[in-house]
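K.L.:
Got a structure for you, written out below as structure tokens; questions coming shortly.
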Amino acid sequence: MQTYLNLSQPYEAEFSVYTKKVPDENGLFVMDTLIGGNVKGFLLYIDTVPAGLAAIAETSTQHFEVCDFYVVPI
């Protein structure tokens, strides 16, 4: 979970141009999509390096929605 949360910060920062979000007093962005309940978080690794994330919600039985998707620009 910590890796997911770490990767979510550059994701939120990159989209802050559109969302108009600013970091809090600790320099962190609030996440729009929280993992839990019907939302599962997934990580992409290239070799052993975390390189991306996805948050997928199961909106009804066997129906899914991509809530967040991010790949680190390399």
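Within each chain, counting starts at residue 1; across the structure tokens, chains are named A, B, ... in the order shown, with ligands numbered 1 upward in that order.
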How would you write, as a list in words, the set of residues in stretch 2-74 of chain A that DSSP gives as strand (DSSP E)?

P.N.:
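The strand (DSSP E) subset of stretch 2-74 of chain A is Val39, Lys40, Gly41, Phe42, Leu43, Leu44, Tyr45, Ile46, Val49, Pro50, Ala51, Gly52, Leu53, Ala54, Ala55, Ile56, Ala57, Glu58, Thr59, Ser60, His63, Phe64, Glu65, Val66, Cys67, Asp68, Phe69, Tyr70 and Val71 of chain A.
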
K.L.:
Might you pull out every residue within 9 Å of stretch 24-36 of chain A, with only C-alpha atoms counted and same-chain residues fewer than 6 positions away left off, and present them as a list in words?

P.N.:
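In the requested format, the answer is Met1, Leu5, Ser8, Gln9, Pro10, Glu12, Ala13, Ser16, Ala55, Ile56, Cys67 and Asp68 of chain A.
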
K.L.:
Show me, as an MDAnalysis selection string, the residues that have an atom within 8 Å of A:Val72 when counting only C-alpha atoms, minus same-chain residues fewer than 2 positions from it.

P.N.:
chainID A and resid 51:52 70 74

K.L.:
As an MDAnalysis selection string, which residues of stretch 10-53 of chain A does DSSP assign to helix (DSSP H, G or I)?

P.N.:
chainID A and resid 10:19
